[in-house]
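As stored in run09.cif (mmCIF, C-alpha atoms):
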```cif
data_entry
loop_
_atom_site.label_atom_id
_atom_site.label_comp_id
_atom_site.auth_asym_id
_atom_site.auth_seq_id
_atom_site.Cartn_x
_atom_site.Cartn_y
_atom_site.Cartn_z
CA MET A 1 0.00 0.00 0.00
CA LEU A 2 1.14 3.53 -0.75
CA ASP A 3 2.13 5.78 2.12
CA ALA A 4 1.45 9.50 1.59
CA ASN A 5 3.43 11.60 4.06
CA ARG A 6 1.28 14.67 4.66
CA TYR A 7 4.13 16.42 6.45
CA LYS A 8 6.25 16.34 3.27
CA CYS A 9 3.46 16.80 0.72
CA CYS A 10 3.25 20.18 -1.04
CA TYR A 11 -0.05 19.14 -2.70
CA CYS A 12 0.98 19.62 -6.33
CA GLY A 13 -1.00 16.73 -7.84
CA ALA A 14 1.75 15.74 -10.30
CA TYR A 15 1.62 12.09 -9.20
CA VAL A 16 -2.07 11.82 -10.17
CA SER A 17 -1.15 12.30 -13.82
CA VAL A 18 0.92 9.10 -13.99
CA CYS A 19 -1.41 6.91 -11.93
CA PRO A 20 -2.62 4.14 -14.25
CA THR A 21 -5.88 3.81 -12.31
CA CYS A 22 -7.93 6.96 -12.67
CA SER A 23 -9.86 6.64 -9.47
CA SER A 24 -7.29 5.53 -6.93
CA MET A 25 -5.56 8.86 -6.27
CA GLU A 26 -7.00 12.31 -5.71
CA LEU A 27 -5.53 15.56 -4.49
CA MET A 28 -7.99 17.17 -2.07
CA GLU A 29 -6.59 20.68 -1.60
CA THR A 30 -3.99 19.86 1.05
CA TRP A 31 -4.01 16.12 1.32
CA ILE A 32 -3.78 13.06 -0.88
CA GLU A 33 -6.48 10.44 -0.86
CA VAL A 34 -5.30 6.98 -1.91
CA SER A 35 -8.10 4.47 -2.33
CA GLN A 36 -8.17 0.69 -2.30
CA GLY A 37 -7.89 0.80 -6.10
CA CYS A 38 -4.16 1.56 -5.82
CA LYS A 39 -2.23 -1.25 -7.52
CA ASP A 40 1.05 -0.54 -5.70
CA CYS A 41 2.85 0.05 -9.00
CA SER A 42 4.92 2.81 -7.34
CA VAL A 43 5.15 4.90 -10.53
CA CYS A 44 3.99 7.92 -8.55
CA THR A 45 6.79 7.63 -5.97
CA LYS A 46 9.42 8.81 -8.47
CA ILE A 47 7.22 11.62 -9.73
CA CYS A 48 6.53 13.30 -6.39
CA PRO A 49 9.04 16.20 -6.36
CA VAL A 50 9.51 16.11 -2.59
CA GLY A 51 9.43 12.40 -1.75
CA ALA A 52 6.08 12.45 0.02
CA LEU A 53 4.98 9.16 -1.55
CA GLU A 54 6.59 5.87 -0.64
CA ALA A 55 5.54 2.28 -1.10
CA GLU A 56 4.94 0.68 2.28
CA VAL A 57 6.97 -2.50 2.76
CA MET B 23 -28.26 24.20 -11.24
CA LYS B 24 -28.19 24.33 -15.04
CA TYR B 25 -25.72 26.03 -17.35
CA ASP B 26 -24.84 25.92 -21.02
CA VAL B 27 -21.21 25.05 -20.30
CA LEU B 28 -19.34 23.90 -17.20
CA VAL B 29 -15.59 24.52 -16.89
CA VAL B 30 -13.60 22.43 -14.41
CA GLY B 31 -10.49 24.29 -13.26
CA ALA B 32 -9.79 28.02 -12.91
CA GLY B 33 -6.25 28.25 -14.23
CA PRO B 34 -5.45 30.47 -17.23
CA ALA B 35 -6.91 27.99 -19.75
CA GLY B 36 -10.16 27.53 -17.83
CA SER B 37 -10.61 31.24 -17.17
CA MET B 38 -10.04 32.15 -20.82
CA ALA B 39 -12.57 29.54 -21.91
CA ALA B 40 -15.12 30.74 -19.34
CA LYS B 41 -14.59 34.39 -20.28
CA THR B 42 -14.93 33.66 -24.01
CA LEU B 43 -18.15 31.73 -23.41
CA ALA B 44 -19.63 34.37 -21.11
CA GLU B 45 -18.80 37.13 -23.59
CA ALA B 46 -20.65 35.11 -26.25
CA GLY B 47 -23.74 35.30 -24.06
CA LEU B 48 -23.76 31.73 -22.74
CA SER B 49 -24.42 30.75 -19.16
CA VAL B 50 -21.19 29.28 -17.80
CA VAL B 51 -19.93 28.08 -14.44
CA MET B 52 -16.27 27.52 -13.56
CA LEU B 53 -15.33 25.21 -10.67
CA GLU B 54 -12.05 25.48 -8.78
CA LYS B 55 -11.33 22.83 -6.18
CA ARG B 56 -8.84 24.98 -4.32
CA GLN B 57 -10.06 27.70 -2.02
CA GLU B 58 -7.70 30.24 -3.60
CA ILE B 59 -7.24 30.62 -7.34
CA GLY B 60 -3.58 30.81 -8.35
CA ASP B 61 -2.19 29.53 -5.08
CA PRO B 62 -0.10 27.48 -4.48
CA VAL B 63 2.01 28.32 -7.52
CA ARG B 64 3.08 25.32 -9.59
CA CYS B 65 4.96 27.18 -12.26
CA ALA B 66 8.19 29.06 -13.03
CA GLU B 67 5.93 31.93 -14.24
CA ALA B 68 7.85 32.99 -17.39
CA VAL B 69 5.90 33.89 -20.53
CA SER B 70 6.51 35.37 -23.95
CA LYS B 71 5.64 39.06 -24.06
CA ARG B 72 4.26 38.80 -27.56
CA GLY B 73 2.19 35.74 -26.74
CA LEU B 74 0.68 37.41 -23.70
CA LYS B 75 -0.05 40.70 -25.46
CA ASP B 76 -1.90 38.81 -28.21
CA LEU B 77 -4.32 37.42 -25.60
CA VAL B 78 -4.84 40.01 -22.88
CA GLU B 79 -4.15 43.61 -22.02
CA VAL B 80 -1.01 43.49 -19.91
CA ASP B 81 -1.53 44.76 -16.36
CA PRO B 82 1.59 45.89 -14.45
CA ARG B 83 0.09 44.48 -11.25
CA TRP B 84 0.91 40.95 -12.35
CA ILE B 85 4.23 41.58 -14.09
CA ALA B 86 6.98 40.66 -11.63
CA ALA B 87 9.84 41.23 -14.09
CA ASP B 88 10.29 42.60 -17.61
CA LEU B 89 13.32 40.86 -19.09
CA LYS B 90 16.02 41.75 -21.59
CA GLY B 91 16.83 38.19 -22.51
CA SER B 92 18.10 34.77 -21.48
CA ARG B 93 21.41 33.15 -20.71
CA VAL B 94 21.86 29.48 -21.50
CA PHE B 95 24.53 27.55 -19.63
CA SER B 96 26.16 24.27 -20.65
CA PRO B 97 27.09 21.66 -18.03
CA ASP B 98 30.66 22.98 -17.88
CA GLY B 99 29.48 26.53 -17.17
CA ALA B 100 29.97 28.16 -20.58
CA SER B 101 27.10 30.41 -21.66
CA ILE B 102 25.44 32.23 -24.54
CA VAL B 103 22.92 35.10 -24.53
CA LEU B 104 19.60 35.12 -26.39
CA SER B 105 17.42 38.18 -26.78
CA GLU B 106 14.05 38.33 -25.07
CA GLU B 107 11.74 37.71 -28.04
CA GLN B 108 14.18 35.33 -29.64
CA SER B 109 14.58 32.68 -26.98
CA GLY B 110 11.91 30.26 -28.06
CA GLY B 111 9.06 32.51 -27.03
CA LYS B 112 9.59 31.30 -23.48
CA THR B 113 10.77 34.45 -21.82
CA GLY B 114 9.87 38.07 -21.79
CA TYR B 115 7.88 38.57 -18.64
CA VAL B 116 7.94 36.75 -15.34
CA LEU B 117 4.43 36.81 -13.93
CA GLU B 118 3.05 36.90 -10.42
CA ARG B 119 0.72 33.96 -10.96
CA LYS B 120 -1.10 34.45 -7.67
CA ILE B 121 -2.36 37.78 -9.00
CA PHE B 122 -2.48 36.85 -12.69
CA ASP B 123 -4.65 33.74 -12.32
CA ARG B 124 -7.00 35.54 -9.97
CA THR B 125 -7.33 38.47 -12.37
CA LEU B 126 -8.22 36.19 -15.28
CA ALA B 127 -10.85 34.46 -13.15
CA MET B 128 -12.25 37.85 -12.13
CA GLU B 129 -12.43 38.91 -15.77
CA ALA B 130 -14.36 35.72 -16.54
CA ALA B 131 -16.68 36.49 -13.62
CA CYS B 132 -17.13 40.10 -14.74
CA ALA B 133 -18.02 38.84 -18.22
CA GLY B 134 -20.83 36.84 -16.63
CA ALA B 135 -19.36 33.47 -15.67
CA GLU B 136 -20.19 32.10 -12.24
CA VAL B 137 -17.08 31.06 -10.31
CA MET B 138 -17.28 28.48 -7.53
CA VAL B 139 -14.16 28.00 -5.40
CA LYS B 140 -13.51 25.14 -3.00
CA THR B 141 -15.75 23.12 -5.28
CA ARG B 142 -14.44 19.82 -6.64
CA ALA B 143 -15.92 17.85 -9.53
CA GLN B 144 -16.29 14.23 -8.47
CA GLY B 145 -17.50 12.65 -11.69
CA LEU B 146 -19.47 13.18 -14.87
CA LEU B 147 -23.23 12.92 -14.92
CA LYS B 148 -24.85 10.96 -17.74
CA ARG B 149 -28.41 10.79 -18.95
CA ASP B 150 -29.43 8.38 -21.71
CA GLY B 151 -25.74 7.76 -22.30
CA LYS B 152 -24.99 11.45 -22.82
CA ILE B 153 -22.83 13.60 -20.56
CA CYS B 154 -25.05 16.15 -18.86
CA GLY B 155 -22.88 17.76 -16.16
CA VAL B 156 -20.88 16.82 -13.08
CA SER B 157 -21.44 15.78 -9.52
CA ALA B 158 -19.54 18.17 -7.26
CA ILE B 159 -18.69 18.65 -3.62
CA ARG B 160 -18.30 21.98 -1.85
CA SER B 161 -17.48 22.31 1.82
CA GLY B 162 -18.68 18.76 2.36
CA ASP B 163 -21.97 19.16 0.52
CA THR B 164 -22.52 17.04 -2.58
CA PHE B 165 -24.66 18.39 -5.39
CA GLN B 166 -25.19 18.18 -9.14
CA ILE B 167 -24.56 20.77 -11.82
CA GLU B 168 -26.14 20.18 -15.21
CA ALA B 169 -24.58 21.29 -18.49
CA PRO B 170 -24.54 19.63 -21.91
CA LEU B 171 -20.87 20.50 -22.39
CA VAL B 172 -18.00 20.13 -19.89
CA ILE B 173 -14.59 21.71 -20.48
CA GLY B 174 -11.82 19.99 -18.54
CA ALA B 175 -9.23 22.59 -17.57
CA ASP B 176 -8.24 20.63 -14.51
CA GLY B 177 -4.52 20.68 -15.04
CA ILE B 178 -1.94 17.94 -15.00
CA GLU B 179 -4.00 15.95 -12.51
CA SER B 180 -6.97 16.02 -14.88
CA LYS B 181 -9.76 13.61 -14.21
CA VAL B 182 -12.37 14.99 -16.63
CA GLY B 183 -10.67 13.48 -19.67
CA ARG B 184 -10.27 10.08 -18.09
CA TRP B 185 -13.85 10.08 -16.83
CA ALA B 186 -14.94 10.73 -20.41
CA GLY B 187 -12.79 7.99 -21.88
CA ILE B 188 -9.82 10.10 -23.09
CA ASP B 189 -6.65 8.54 -21.74
CA THR B 190 -4.57 11.45 -20.46
CA THR B 191 -2.31 9.32 -18.28
CA LEU B 192 1.27 10.51 -18.64
CA LYS B 193 4.20 8.15 -19.03
CA PRO B 194 7.11 8.97 -16.69
CA LYS B 195 9.20 9.94 -19.74
CA ASP B 196 6.56 12.53 -20.65
CA ILE B 197 6.39 14.46 -17.38
CA SER B 198 8.90 16.85 -15.90
CA THR B 199 8.69 16.82 -12.11
CA CYS B 200 9.79 20.14 -10.66
CA ALA B 201 10.78 21.91 -7.46
CA GLN B 202 11.28 25.63 -7.06
CA PHE B 203 12.28 28.13 -4.40
CA LEU B 204 11.57 31.86 -4.35
CA VAL B 205 14.99 33.21 -3.45
CA LYS B 206 16.43 36.54 -2.37
CA ASP B 207 20.10 36.85 -3.30
CA GLU B 208 22.39 39.76 -4.17
CA SER B 209 23.89 37.85 -7.12
CA ILE B 210 20.59 37.60 -9.04
CA ASP B 211 20.58 39.47 -12.33
CA SER B 212 17.14 41.06 -12.56
CA ASN B 213 17.26 41.38 -16.37
CA TYR B 214 17.94 37.85 -17.58
CA CYS B 215 16.34 34.44 -17.28
CA GLU B 216 18.98 31.77 -16.85
CA PHE B 217 18.75 28.17 -18.05
CA TYR B 218 21.21 25.53 -16.84
CA PHE B 219 21.55 22.23 -18.70
CA GLY B 220 23.27 19.07 -17.58
CA ASN B 221 22.43 15.48 -16.79
CA LYS B 222 23.73 15.85 -13.26
CA ILE B 223 22.07 19.23 -12.69
CA ALA B 224 18.57 18.42 -14.01
CA PRO B 225 18.34 15.01 -15.73
CA GLY B 226 16.21 15.26 -18.87
CA ALA B 227 15.21 18.87 -18.23
CA TYR B 228 16.94 22.05 -16.97
CA ALA B 229 17.44 24.27 -13.97
CA TRP B 230 16.32 27.89 -14.06
CA ILE B 231 16.75 31.24 -12.38
CA PHE B 232 13.86 33.49 -13.39
CA PRO B 233 14.04 36.95 -11.80
CA LYS B 234 10.97 38.37 -10.09
CA GLY B 235 12.17 41.84 -9.25
CA GLU B 236 15.15 43.31 -7.48
CA LYS B 237 17.45 40.48 -6.39
CA VAL B 238 14.55 38.01 -6.13
CA ALA B 239 14.01 35.02 -8.41
CA ASN B 240 12.25 31.73 -8.93
CA VAL B 241 15.06 29.20 -8.70
CA GLY B 242 14.02 25.73 -9.72
CA LEU B 243 14.65 22.64 -11.74
CA GLY B 244 12.87 19.82 -13.44
CA VAL B 245 13.68 16.14 -13.70
CA LEU B 246 12.21 13.94 -16.39
CA GLY B 247 10.10 11.34 -14.59
CA SER B 248 11.90 8.46 -16.29
CA ARG B 249 15.25 9.91 -15.16
CA SER B 250 14.25 10.33 -11.55
CA SER B 251 16.58 7.97 -9.73
CA GLY B 252 15.22 8.29 -6.24
CA ILE B 253 12.54 9.54 -3.90
CA GLY B 254 12.25 13.34 -3.89
CA GLU B 255 14.91 13.76 -6.59
CA PRO B 256 13.87 17.27 -7.78
CA LEU B 257 14.01 18.76 -4.29
CA ARG B 258 17.34 17.07 -3.53
CA LEU B 259 18.89 18.32 -6.78
CA LEU B 260 17.48 21.82 -6.22
CA GLN B 261 19.14 21.96 -2.82
CA GLU B 262 22.42 20.95 -4.50
CA PHE B 263 21.91 23.62 -7.16
CA MET B 264 21.35 26.23 -4.48
CA LYS B 265 24.59 25.23 -2.74
CA SER B 266 26.59 25.51 -5.94
CA HIS B 267 24.97 28.58 -7.52
CA LEU B 268 23.31 30.62 -4.77
CA PRO B 269 24.92 29.50 -1.51
CA LYS B 270 23.84 32.62 0.36
CA GLY B 271 20.32 32.68 -1.12
CA LYS B 272 17.44 33.20 1.28
CA VAL B 273 14.50 30.92 0.51
CA VAL B 274 11.12 32.50 1.25
CA GLU B 275 8.76 30.19 -0.67
CA MET B 276 8.71 26.64 -1.99
CA ASP B 277 6.68 25.49 -5.00
CA VAL B 278 6.47 22.08 -6.63
CA GLY B 279 4.60 20.58 -9.52
CA GLY B 280 4.65 18.55 -12.69
CA VAL B 281 4.64 19.67 -16.32
CA PRO B 282 3.48 17.53 -19.25
CA VAL B 283 6.30 17.26 -21.82
CA ALA B 284 4.27 14.86 -23.87
CA PRO B 285 3.24 14.22 -27.47
CA GLN B 286 -0.03 15.73 -28.62
CA LEU B 287 -3.12 13.84 -27.52
CA GLU B 288 -4.85 11.98 -30.33
CA ALA B 289 -8.17 13.35 -29.09
CA MET B 290 -8.83 16.46 -27.02
CA THR B 291 -12.60 16.16 -27.33
CA THR B 292 -15.31 13.57 -27.08
CA ASP B 293 -19.08 13.84 -27.04
CA GLY B 294 -19.92 16.61 -24.55
CA VAL B 295 -16.32 17.11 -23.36
CA MET B 296 -13.36 19.28 -24.36
CA LEU B 297 -9.92 19.42 -22.73
CA VAL B 298 -7.70 22.51 -22.54
CA GLY B 299 -4.31 23.43 -21.05
CA ASP B 300 -2.21 20.92 -19.14
CA ALA B 301 -5.25 18.61 -19.04
CA ALA B 302 -4.79 18.31 -22.82
CA HIS B 303 -0.96 18.13 -22.61
CA GLN B 304 -0.69 21.51 -24.34
CA SER B 305 2.47 22.70 -22.60
CA ASP B 306 5.60 22.98 -24.74
CA PRO B 307 7.60 19.73 -24.41
CA LEU B 308 10.85 21.58 -25.11
CA THR B 309 10.55 24.50 -22.70
CA GLY B 310 7.79 23.39 -20.34
CA GLY B 311 5.95 26.66 -20.94
CA GLY B 312 2.19 26.23 -20.87
CA ILE B 313 0.57 29.53 -19.93
CA ILE B 314 0.21 31.01 -23.42
CA THR B 315 -0.64 27.70 -25.08
CA GLY B 316 -3.27 26.98 -22.44
CA MET B 317 -4.82 30.44 -22.73
CA THR B 318 -4.86 30.18 -26.53
CA ALA B 319 -6.58 26.80 -26.33
CA GLY B 320 -9.06 28.22 -23.83
CA VAL B 321 -10.09 30.95 -26.24
CA ILE B 322 -10.42 28.55 -29.19
CA ALA B 323 -12.34 26.03 -27.08
CA GLY B 324 -14.66 28.78 -25.84
CA GLU B 325 -15.42 29.97 -29.37
CA VAL B 326 -16.06 26.46 -30.70
CA ALA B 327 -18.11 25.54 -27.63
CA ALA B 328 -20.28 28.65 -28.02
CA ASP B 329 -20.92 27.74 -31.64
CA ALA B 330 -21.70 24.12 -30.76
CA ILE B 331 -24.16 25.16 -28.04
CA SER B 332 -25.88 27.58 -30.39
CA ARG B 333 -26.39 24.71 -32.84
CA GLY B 334 -27.50 22.35 -30.09
CA ASP B 335 -24.89 19.81 -31.12
CA VAL B 336 -22.08 18.92 -28.69
CA LYS B 337 -21.05 15.66 -30.30
CA ARG B 338 -17.37 15.19 -31.06
CA ALA B 339 -17.83 15.93 -34.74
CA SER B 340 -19.24 19.32 -33.77
CA LEU B 341 -16.30 20.01 -31.44
CA ARG B 342 -13.59 18.87 -33.84
CA ASP B 343 -13.10 22.42 -35.11
CA TYR B 344 -11.37 23.10 -31.78
CA GLU B 345 -8.84 20.34 -32.42
CA ASP B 346 -8.30 21.44 -36.02
CA ARG B 347 -7.77 25.09 -35.06
CA TRP B 348 -5.46 24.05 -32.23
CA LYS B 349 -3.39 21.75 -34.40
CA GLU B 350 -2.46 24.42 -36.92
CA PRO B 351 -0.13 26.02 -35.92
CA ASN B 352 0.08 25.23 -32.19
CA GLY B 353 -0.28 21.46 -32.05
CA ASN B 354 2.04 20.81 -34.98
CA LYS B 355 4.70 23.08 -33.49
CA LEU B 356 4.47 21.38 -30.12
CA GLN B 357 4.74 17.97 -31.76
CA ARG B 358 7.99 19.11 -33.43
CA HIS B 359 9.19 20.35 -30.06
CA TYR B 360 8.40 16.93 -28.60
CA ASP B 361 10.66 15.35 -31.23
CA LEU B 362 13.37 17.86 -30.33
CA LYS B 363 12.98 17.10 -26.64
CA GLU B 364 13.21 13.37 -27.28
CA PHE B 365 16.47 13.95 -29.15
CA PHE B 366 18.07 16.35 -26.69
CA ILE B 367 17.38 14.23 -23.61
CA GLY B 368 19.59 11.55 -25.18
CA LEU B 369 22.64 13.81 -25.32
CA THR B 370 25.54 13.44 -22.91
CA ASP B 371 26.98 16.36 -20.98
CA GLU B 372 29.95 16.29 -23.37
CA ASP B 373 27.52 16.62 -26.30
CA LEU B 374 25.79 19.54 -24.61
CA ASN B 375 29.12 21.24 -23.90
CA ASN B 376 30.20 20.82 -27.51
CA LEU B 377 26.93 22.22 -28.82
CA LEU B 378 27.03 25.34 -26.71
CA HIS B 379 30.75 25.91 -27.35
CA SER B 380 30.08 25.74 -31.08
CA LEU B 381 27.86 28.81 -30.73
CA THR B 382 30.24 30.99 -28.78
CA ASN B 383 31.51 32.75 -31.95
CA GLU B 384 28.00 33.15 -33.39
CA ASP B 385 25.83 36.23 -32.94
CA THR B 386 23.23 34.39 -30.87
CA VAL B 387 21.59 37.59 -29.63
CA LYS B 388 19.88 37.96 -33.00
CA MET B 389 18.73 34.33 -33.21
CA ASP B 390 15.39 32.80 -32.38
CA LEU B 391 15.09 29.15 -31.39
CA ARG B 392 14.75 27.96 -34.98
CA ASP B 393 17.75 30.05 -36.11
CA MET B 394 19.78 28.72 -33.22
CA LEU B 395 18.89 25.12 -34.05
CA LYS B 396 19.77 25.69 -37.70
CA SER B 397 23.15 27.10 -36.67
CA LEU B 398 23.70 24.17 -34.34
CA LEU B 399 22.89 21.73 -37.13
CA LYS B 400 25.24 23.54 -39.51
CA LEU B 401 28.03 23.60 -36.96
CA ASN B 402 27.42 20.06 -35.61
CA PRO B 403 26.04 18.05 -38.56
CA LYS B 404 27.19 14.67 -37.31
CA LEU B 405 25.76 15.07 -33.82
CA LEU B 406 22.46 16.59 -34.91
CA TRP B 407 21.84 14.76 -38.17
CA GLY B 408 18.83 13.03 -36.67
CA LEU B 409 17.13 16.41 -36.22
CA ARG B 410 17.37 17.66 -39.81
CA HIS B 411 13.73 16.78 -40.55
CA VAL B 412 12.52 18.60 -37.41
CA ILE B 413 14.54 21.79 -37.77
CA PHE B 414 13.93 22.44 -41.49
#
```
Just dump the structure as structure tokens.
Amino acid sequence: MLDANRYKCCYCGAYVSVCPTCSSMELMETWIEVSQGCKDCSVCTKICPVGALEAEV
Amino acid sequence: MKYDVLVVGAGPAGSMAAKTLAEAGLSVVMLEKRQEIGDPVRCAEAVSKRGLKDLVEVDPRWIAADLKGSRVFSPDGASIVLSEEQSGGKTGYVLERKIFDRTLAMEAACAGAEVMVKTRAQGLLKRDGKICGVSAIRSGDTFQIEAPLVIGADGIESKVGRWAGIDTTLKPKDISTCAQFLVKDESIDSNYCEFYFGNKIAPGAYAWIFPKGEKVANVGLGVLGSRSSGIGEPLRLLQEFMKSHLPKGKVVEMDVGGVPVAPQLEAMTTDGVMLVGDAAHQSDPLTGGGIITGMTAGVIAGEVAADAISRGDVKRASLRDYEDRWKEPNGNKLQRHYDLKEFFIGLTDEDLNNLLHSLTNEDTVKMDLRDMLKSLLKLNPKLLWGLRHVIF
């Protein structure tokens, strides 16, 4: 499962654009909502400019 | 609530579309999920003077810097100077987007558009298989807004296109992920934008110093998503860039974001839906600039949408005029710039050094991007042979 660190997040939404599942990620003003639809592909983790997204081990 | 057209997203592209529609006499509503339009900034804020003046009356309140030109640096630190209107149309003014975006939204509102902030579209509504609006949420309250035509101006994180069946998902090689600081430093040259290239500085993209007034600048860099080698790479590299180039710089703001540097979408419309701006991947893949292209698309989309509504036909065939008008000249130019970007990201630092050094005896001040590329090809035929069909 994806871990979104809200203390690092600058809420830019860039990661949403590479998410292969349209509905699993959403930027809600100042926090990221990751739903059960996340496939743990981790593509978004390298796109986040500040390292706020990490795949939980 | 019922409107003729619903615009999702109040950035420059959305506001221009909403304003164009309202001025044509249509009822239009523009949703912005953030509570403040234009904030937080996700942009380096540089625009072409000519491009901006073609679209709006320039207001000094949102011009942070009026530039003389650009300096381009190779990985080894050599540089050339380009004049303001001849540097790819990228530079000229540096905007204050927090004021600029808000002003455009206000102009749309003054023209008659209704603006709803802190209002997020949650999905498209359909009736008898046809799109007829969106479900939205504002301050926790869910409600429906009906409109036969929805314009998705919802930025790089666009959902409208994907909800409507247009795949706008970006590949990592087609997104530049960026970090930027607003910096105060005595060494900042207030007259020139600076671009720094190098695979160690900004893999697959570039670093920039864009002045925003006396000794203040946006200092940032992008990393191509496919070149990002670790978690939080843009921020880490930006901190390194600051240490090497502006060690005494005082950081007073931090902005981050992503920019599509992608090929043109095959479809920017479908029945009842149009996409504009970053949602339609309309930023320049070579420079990352997307303000002028987005605003231009917003105007065209607004005009075509107004015509489609007046005819009562919002099927894709009726909206195709938007795509055709966008493609020539904008879309075709951006597709060429995508080919250029794909070529240049494959160059080594040694290649980049050689290219820039080859120009040091040329009068680059009088060149535009195309002239510069032609000179580069003439001076470096072996290295740039693969680009001959793009440049000429």
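Using all atoms listed in the file, one finds that the residues of chain B close to chain A, at 6 Å or less, are Arg56, Ile178, Glu179, Thr191, Leu192, Thr199, Cys200, Gly247, Ser250, Ile253, Gly254, Pro256, Leu257, Gly279 and Gly280 of chain B.
For the pair atom CA of B:Ala40 and atom CA of B:Ala130, the separation is 5.8 Å.
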Hey, what comes out of the PyMOL selection byres ((chain A and resi 39) around 10) on this file? Could you write it as a PyMOL selection string?
chain A and resi 1-2+19-21+24+35-38+40-42
How would the residues just picked look written out with C-alpha atoms as an mmCIF file, keeping the file's coordinate frame?
```
data_model
loop_
_atom_site.group_PDB
_atom_site.id
_atom_site.type_symbol
_atom_site.label_atom_id
_atom_site.label_comp_id
_atom_site.auth_asym_id
_atom_site.auth_seq_id
_atom_site.Cartn_x
_atom_site.Cartn_y
_atom_site.Cartn_z
ATOM 1 C CA MET A 1 0.000 0.000 0.000
ATOM 2 C CA LEU A 2 1.140 3.530 -0.750
ATOM 3 C CA CYS A 19 -1.410 6.910 -11.930
ATOM 4 C CA PRO A 20 -2.620 4.140 -14.250
ATOM 5 C CA THR A 21 -5.880 3.810 -12.310
ATOM 6 C CA SER A 24 -7.290 5.530 -6.930
ATOM 7 C CA SER A 35 -8.100 4.470 -2.330
ATOM 8 C CA GLN A 36 -8.170 0.690 -2.300
ATOM 9 C CA GLY A 37 -7.890 0.800 -6.100
ATOM 10 C CA CYS A 38 -4.160 1.560 -5.820
ATOM 11 C CA ASP A 40 1.050 -0.540 -5.700
ATOM 12 C CA CYS A 41 2.850 0.050 -9.000
ATOM 13 C CA SER A 42 4.920 2.810 -7.340
#
```
Just say which residues the PyMOL selection byres ((chain B and resi 116) around 10) picks in this file, as a list in words.
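Output of the PyMOL selection byres ((chain B and resi 116) around 10): Ala66, Glu67, Ala68, Val69, Ser70, Lys71, Trp84, Ile85, Ala86, Ala87, Asp88, Leu89, Lys112, Thr113, Gly114, Tyr115, Leu117, Glu118, Arg119, Cys215, Phe232, Pro233, Lys234, Gly235, Ala239 and Asn240 of chain B.
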For the structure shown, which residues end up in the PyMOL selection byres ((chain B and resi 389) around 10)? Put them as a PyMOL selection string, please?
chain B and resi 103-105+107-110+384-388+390-397
Å distance separating atom CA of B:Met296 from atom CA of B:Arg72, one decimal place:
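One can read the atom CA of B:Met296 to atom CA of B:Arg72 distance as 26.5 Å.
Atom CA of B:Ala302 is positioned 13.1 Å from atom CA of B:Gly187.
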With 12 Å as the threshold, what does the neighbourhood of (-23.4, 16.8, -5.3) contain in terms of residues, counting all atoms listed in the file? Coordinates are those of the file; answer as a list in words.
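Those within range, by chain then number, are Met23, Thr141, Arg142, Ala143, Gln144, Gly145, Leu146, Leu147, Gly155, Val156, Ser157, Ala158, Ile159, Arg160, Ser161, Gly162, Asp163, Thr164, Phe165, Gln166, Ile167 and Glu168 of chain B.
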At a cut-off of 7 Å, using only C-alpha atoms, what residues contact B:Ile59? Leave out same-chain residues fewer than 3 positions from it and give the result as an MDAnalysis selection string.
chainID B and resid 32 56 123:124
Got a sec: who's within 10 Å of B:Gly324, counting all atoms listed in the file, leaving out chain neighbours fewer than 5 positions off, as a ChimeraX atom specification?
/B:27,29,35-46,173,296,298,318-319,329-330,344
When you look at B:Ala339 with a cut-off of 12 Å (counting all atoms listed in the file), what residues show up, excluding the ones that are within fewer than 5 positions of it in the same chain? I need them as a ChimeraX atom specification.
/B:289-296,326-327,330,344-346
9 Å contact set for B:Leu77, all atoms listed in the file, chain neighbours under 3 positions out, as a PDB file with C-alpha atoms, in the coordinates of the input:
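File out23.pdb, as written:
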```
ATOM      1  CA  ARG B  72       4.260  38.800 -27.560  1.00  0.00           C
ATOM      2  CA  GLY B  73       2.190  35.740 -26.740  1.00  0.00           C
ATOM      3  CA  LEU B  74       0.680  37.410 -23.700  1.00  0.00           C
ATOM      4  CA  VAL B  80      -1.010  43.490 -19.910  1.00  0.00           C
ATOM      5  CA  ILE B 314       0.210  31.010 -23.420  1.00  0.00           C
ATOM      6  CA  MET B 317      -4.820  30.440 -22.730  1.00  0.00           C
ATOM      7  CA  THR B 318      -4.860  30.180 -26.530  1.00  0.00           C
ATOM      8  CA  VAL B 321     -10.090  30.950 -26.240  1.00  0.00           C
TER       9      VAL B 321
END
```
Closest of B:Ala224, B:Ile121, B:Val412, B:Leu369 to B:Glu58 - atom-to-atom distances counting all atoms listed in the file
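The answer is B:Ile121, which sits nearest to B:Glu58.
Take the candidates B:Ser212, B:Asn352, B:Ser92, B:Ser305 and check each one against B:Ile322 using all atoms listed in the file; the shortest distance goes to B:Asn352.
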Pick from B:Arg258, B:Lys272, B:Lys404, B:Lys337: nearest to B:Val172, with all atoms listed in the file counted?
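That would be B:Lys337, the residue with the smallest distance to B:Val172.
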What's the 12 Å shell around B:His411, counting all atoms listed in the file, without same-chain residues fewer than 2 positions away, as a ChimeraX atom specification?
/B:358-359,361-362,395-396,399,406-409,413-414
